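Here is the structure we will look at, set down as structure tokens.
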Amino acid sequence: MKKYEYPTYAKLIHLGLAVFGITAYLTSEFVDDDVTSIGYLLHSYLGLSVAAIIILRLLVGVGTQGMLSFKNWSPLSKEQWQLALDDFRSLFSLKVPERERHQGLSGITQAFGLFIFTWMSLTGTALFMLGSGTESKAFEFIEEVHEVGETLIPLYLFLHVGAVVLHTLCGKPIWKKMFKFKSDKCN
């Protein structure tokens, strides 16, 4: 496996998605039908911040050749799912799989996270633009789709954070690749 370090812009995108995404999720319970309420505005602006960061992440993924590029990442390919299946076998034999960036189970988990963040950003922005007091069928449908995405966030966080914790417990603290801002190389 190649040793690599994420550039600062990648760390800031990740940190922005984590902070704004989790706080938007946590403030969803404060939303009511009054578009001028503090709860609605707080959740909306945190969500719009996530949307801005996800747009940046998608642009970097499509428009660059760097570590965040989507060019060599195909989460829906047969090979990717075969690697993920191999990773599950490793986990069942109590071994932590090690893969290159965006490969196997970790690649599918990362793609799932980007999908959920994009889904929530699109539906949340649409709800914000339509306005909370709207009684249209389109608004109701988008609201339901947004709430389905809301139920998937804990699953994603369990998978992503759980994998980081598992690696750390096995002596491979991969979190340092994302949260270490010093110039020395990470393992």
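The way I read the labels, and the way they are meant: chains A, B, ... in the order of the structure tokens, residue 1 as the first residue of every chain, and ligand 1 as the first ligand shown, with later ones counted on from there.
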
Surrounding residues of Pro173 in chain A excluding itself and chain neighbours under 6 positions, 9 Å, only C-alpha atoms, as a PyMOL selection string | chain A and resi 164-167+187

Contacts of Pro97 in chain A at 9 Å or less, counting only C-alpha atoms, minus same-chain residues fewer than 5 places along, as JSON, numbers by chain?
-> {"A": [86, 87, 88, 90, 91, 104, 105]}

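Among the candidate residues A:Leu114, A:Leu41, A:Leu94, A:Trp81, the one lying nearest to Ile53 in chain A is A:Leu114, with distances computed using only C-alpha atoms.
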
Where does DSSP see helix (DSSP H, G or I) in range 86-127 of chain A, if you list the residues as a PyMOL selection string?
-> chain A and resi 86-92+104-127

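All residues of protein, DNA or RNA that reach within 12 Å of Ile13 in chain A, judged by only C-alpha atoms and not counting those fewer than 6 positions away in the chain, are Tyr6, Pro7, Val19, Phe20, Gly21, Ser49, Val50, Ala51, Ala52, Ile53, Ile54, Ile55, Leu56, Arg57, Leu58, Leu59, Val60, Gly61, Leu68, Leu114, Met178 and Phe179 of chain A.
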
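Picture a line from CA of Glu79 in chain A to CA of Glu100 in chain A; it runs 13.6 Å.
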
Got a sec: who's within 10 Å of Ala111 in chain A, counting only C-alpha atoms, leaving out chain neighbours fewer than 6 positions off, as an MDAnalysis selection string?
-> chainID A and resid 73:76 102 105 117

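Across the structure, CA of Thr123 in chain A and CA of Ser106 in chain A are spaced 25.6 Å apart.
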
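The spacing separating CA of Leu83 in chain A from CA of Thr118 in chain A amounts to 24.8 Å.
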
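Among the candidates A:Lys137, A:His146, A:Lys71, A:Lys180, the one nearest to Gly124 in chain A when counting only C-alpha atoms is A:His146.
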
Can you list, as a PyMOL selection string, every protein, DNA or RNA residue that comes within 9 Å of Tyr40 in chain A when you count only C-alpha atoms, leaving out same-chain residues fewer than 5 positions away?
-> chain A and resi 27-28+30-35+45+132

Restricted to all heavy atoms, what would the selected residues look like written as an mmCIF file, in the first residue's frame?
```
data_model
loop_
_atom_site.group_PDB
_atom_site.id
_atom_site.type_symbol
_atom_site.label_atom_id
_atom_site.label_comp_id
_atom_site.auth_asym_id
_atom_site.auth_seq_id
_atom_site.Cartn_x
_atom_site.Cartn_y
_atom_site.Cartn_z
ATOM 1 N N THR A 27 -29.831 19.576 14.181
ATOM 2 C CA THR A 27 -30.797 20.674 14.330
ATOM 3 C C THR A 27 -32.099 20.422 13.587
ATOM 4 O O THR A 27 -33.011 21.241 13.651
ATOM 5 C CB THR A 27 -30.187 22.013 13.845
ATOM 6 O OG1 THR A 27 -29.818 21.890 12.468
ATOM 7 C CG2 THR A 27 -28.991 22.421 14.696
ATOM 8 N N SER A 28 -32.214 19.281 12.910
ATOM 9 C CA SER A 28 -33.447 19.001 12.155
ATOM 10 C C SER A 28 -34.665 18.900 13.067
ATOM 11 O O SER A 28 -35.784 19.173 12.645
ATOM 12 C CB SER A 28 -33.293 17.728 11.326
ATOM 13 O OG SER A 28 -33.164 16.600 12.170
ATOM 14 N N PHE A 30 -35.374 20.856 15.417
ATOM 15 C CA PHE A 30 -35.809 22.209 15.782
ATOM 16 C C PHE A 30 -36.663 22.869 14.707
ATOM 17 O O PHE A 30 -37.168 23.966 14.892
ATOM 18 C CB PHE A 30 -34.603 23.110 16.072
ATOM 19 C CG PHE A 30 -33.697 22.600 17.155
ATOM 20 C CD1 PHE A 30 -32.322 22.700 17.019
ATOM 21 C CD2 PHE A 30 -34.209 22.018 18.301
ATOM 22 C CE1 PHE A 30 -31.480 22.236 18.017
ATOM 23 C CE2 PHE A 30 -33.360 21.540 19.298
ATOM 24 C CZ PHE A 30 -32.003 21.655 19.159
ATOM 25 N N VAL A 31 -36.795 22.208 13.552
ATOM 26 C CA VAL A 31 -37.533 22.793 12.431
ATOM 27 C C VAL A 31 -39.032 22.708 12.708
ATOM 28 O O VAL A 31 -39.550 21.681 13.124
ATOM 29 C CB VAL A 31 -37.195 22.056 11.112
ATOM 30 C CG1 VAL A 31 -38.059 22.557 9.978
ATOM 31 C CG2 VAL A 31 -35.724 22.228 10.779
ATOM 32 N N ASP A 32 -39.714 23.818 12.489
ATOM 33 C CA ASP A 32 -41.176 23.808 12.521
ATOM 34 C C ASP A 32 -41.665 24.506 11.255
ATOM 35 O O ASP A 32 -40.885 24.852 10.381
ATOM 36 C CB ASP A 32 -41.731 24.445 13.791
ATOM 37 C CG ASP A 32 -41.250 25.867 14.006
ATOM 38 O OD1 ASP A 32 -40.998 26.585 13.014
ATOM 39 O OD2 ASP A 32 -41.126 26.283 15.172
ATOM 40 N N ASP A 33 -42.953 24.691 11.125
ATOM 41 C CA ASP A 33 -43.511 25.242 9.891
ATOM 42 C C ASP A 33 -43.288 26.736 9.719
ATOM 43 O O ASP A 33 -43.540 27.276 8.650
ATOM 44 C CB ASP A 33 -45.014 24.943 9.813
ATOM 45 C CG ASP A 33 -45.266 23.473 9.552
ATOM 46 O OD1 ASP A 33 -44.395 22.818 8.948
ATOM 47 O OD2 ASP A 33 -46.330 22.981 9.946
ATOM 48 N N ASP A 34 -42.812 27.410 10.739
ATOM 49 C CA ASP A 34 -42.576 28.853 10.663
ATOM 50 C C ASP A 34 -41.196 29.107 10.066
ATOM 51 O O ASP A 34 -40.177 28.834 10.698
ATOM 52 C CB ASP A 34 -42.683 29.465 12.059
ATOM 53 C CG ASP A 34 -42.448 30.963 12.060
ATOM 54 O OD1 ASP A 34 -42.406 31.573 10.964
ATOM 55 O OD2 ASP A 34 -42.299 31.524 13.156
ATOM 56 N N VAL A 35 -41.166 29.634 8.844
ATOM 57 C CA VAL A 35 -39.890 29.853 8.154
ATOM 58 C C VAL A 35 -39.049 30.952 8.782
ATOM 59 O O VAL A 35 -37.893 31.126 8.406
ATOM 60 C CB VAL A 35 -40.097 30.156 6.646
ATOM 61 C CG1 VAL A 35 -40.699 28.964 5.947
ATOM 62 C CG2 VAL A 35 -40.917 31.401 6.429
ATOM 63 N N TYR A 45 -29.706 27.126 7.186
ATOM 64 C CA TYR A 45 -28.410 27.700 6.821
ATOM 65 C C TYR A 45 -27.263 26.720 7.033
ATOM 66 O O TYR A 45 -26.290 26.732 6.272
ATOM 67 C CB TYR A 45 -28.183 29.027 7.533
ATOM 68 C CG TYR A 45 -29.079 30.099 6.965
ATOM 69 C CD1 TYR A 45 -30.011 30.762 7.746
ATOM 70 C CD2 TYR A 45 -29.030 30.419 5.609
ATOM 71 C CE1 TYR A 45 -30.857 31.720 7.201
ATOM 72 C CE2 TYR A 45 -29.859 31.363 5.054
ATOM 73 C CZ TYR A 45 -30.771 32.014 5.860
ATOM 74 O OH TYR A 45 -31.601 32.950 5.303
ATOM 75 N N SER A 132 -41.327 26.634 3.499
ATOM 76 C CA SER A 132 -41.906 25.641 4.392
ATOM 77 C C SER A 132 -43.429 25.660 4.445
ATOM 78 O O SER A 132 -44.037 24.648 4.740
ATOM 79 C CB SER A 132 -41.337 25.828 5.804
ATOM 80 O OG SER A 132 -41.856 24.875 6.668
#
```
